[in-house]
Amino acid sequence: MLTPILFVPLGAALLCLFVPSRRAMAALGVLAFAITLGLGIALVHEVLARGVVREWHEFLSADALSAWMVLLISVVSLATSLYAGRYFQRDLAAGAVTPGRMREFFVLTPLFGAGMFLVVLANNLGVMWAAVEATALSSVLLVALYNRRNSLEAAWKYVILGSLGLALALLGTVFVYAAACKSFPDSLPSFNWSYLMSVAHQLDPHQLKLAFVFALVGYGTKAGFAPLHTWLPDAHSEAPSPTSAMLSGVSLKIALYALLRFHILTTACLDGSPDAGFSRHLLMGFGLFSMLLAPPFILVQKNLKRMLAYSSLEHMGLICTGIALNTPLAIFGALLHMGYHALTKPVLFFAAGNIHQTFHSLEFRVIGPGVGKILPVTVLLMGMAALAAVGLPPFGLFFSELTIVSGGIAAHQITVSVIIVVALLLSFCGILQQLTRILLGARKPGDPPTDARRMDGVPAMALLLGSLLLFSVWVPAPLLDLMHRAAAIIGGKP
């Protein structure tokens, strides 16, 4: 079951090298990720029945946390593939991309997805690091797809900061293996995460703490935590909108997943010692700093996609803080928020793509007020996604944010809970203030004609928003059980 999840998108990428038409390439992407979504649903049932699913002599392994991530990657990638076909048709007609560049997108996107699947299914920490590196390499080429000066500059910044971060993450990975070798000098120990967890209490705690620091800075850079986030707004603003959706929807969370594996291992090693909260305190610091840094930058942004990127920074900080609170309720809320955010943020980037291709700019001053008069369906869906992103009911992000805050209060972390609420309110005000500038109001007289398409991107946006609304009011029992098991793994009580 795990092997096809990896090889189906790889096969789609290979076929996209040879098929002649854009429609065939787009259809291959949709088909590949629809299959992986079906396999992901089947994997959930297998994990619930067996606990852990392993293949290739434990080279691949999936527990509840892995299965949850497979679902998120599949859903966002499927919606991205649905949106990308018409998006690149418009780009080709406008001369924004060449047929060769378009083919590059349809080849690299399944490779990007396959790399993310390998991150969450690899049992070996070294292979997990290599898979994160593979996602970085494929995504940086997607960021530079338009081959403009600004996109090349954003891709270069992404390469420099991402490579530095992953180099530090590699050092953290090496220190983990050094801790294992020091504890078992008579033989070379396995580097599988499952094996390391079984001997966690015997590992050198000092080396493991050092390993976590390097992993936090390294994978934290890829996850976009402040102050390591500076590549994030540039990459989001210059990448094609489907790529921005995947970066924000799941790629940031994949890096957080890799960091969580180190956090779980470090916590297990230090359990019962005075330093038991070492990794949690560091996660708390980075999470709160990210949440507090995002709102001022949201308020001063002049570019739509850069503003959405800073919103992702705030949400990633909230997820990190929820995990650091280390109560079952807060961790469950963080996982729930991870899922709801994955369904919400791509809709905003798809809508931004429609606006960009209609007004040929992402600058608020150029777009101007009254976009709702030109793109009513896009604005309706974008408005719903924006209300969800700022945490208003009945959308699930309201419930997940309330769950995290409740977990903080249950842990007697009143100050942290107040900071979370303040940061959420500031982001709420910033996002609504920025979006109402362009979505509402009357159009300026004398605007040039636009190339609006009222129904562009609606299937992809409707898929995600429909799923968000459905799962906001009803979570199936197997999915609820899966998230509770994943929360127990993060909390050290599998």
# chains A, B, ... in the order shown; residues from 1 in each chain; ligands from 1
$ residues_around --residues "Ser61 (chain A)" --least-positions-apart "4" --cutoff "7 Å" --atoms "only C-alpha atoms" --output "PyMOL selection string"
chain A and resi 52-55+121-123
$ closest_atom_pairs --of "region 196-293 of chain A" --to "region 344-356 of chain A" --cutoff "6 Å" --atoms "only C-alpha atoms" --output "Markdown table"
| residue | atom | partner | partner_atom | distance |
| --- | --- | --- | --- | --- |
| A:Ser241 | CA | A:Gly353 | CA | 5.2 |
| A:Ala245 | CA | A:Pro346 | CA | 4.3 |
| A:Gly249 | CA | A:Pro346 | CA | 6.0 |
$ residues_around --residues "Pro328 (chain A)" --least-positions-apart "6" --cutoff "9 Å" --atoms "only C-alpha atoms" --output "ChimeraX atom specification"
/A:407,484,487-488,491
$ atom_distance --atom1 "CA of Gly457 (chain A)" --atom2 "CA of Ser138 (chain A)"
23.8 Å
$ atom_distance --atom1 "CA of Ala334 (chain A)" --atom2 "CA of Gly277 (chain A)"
18.2 Å
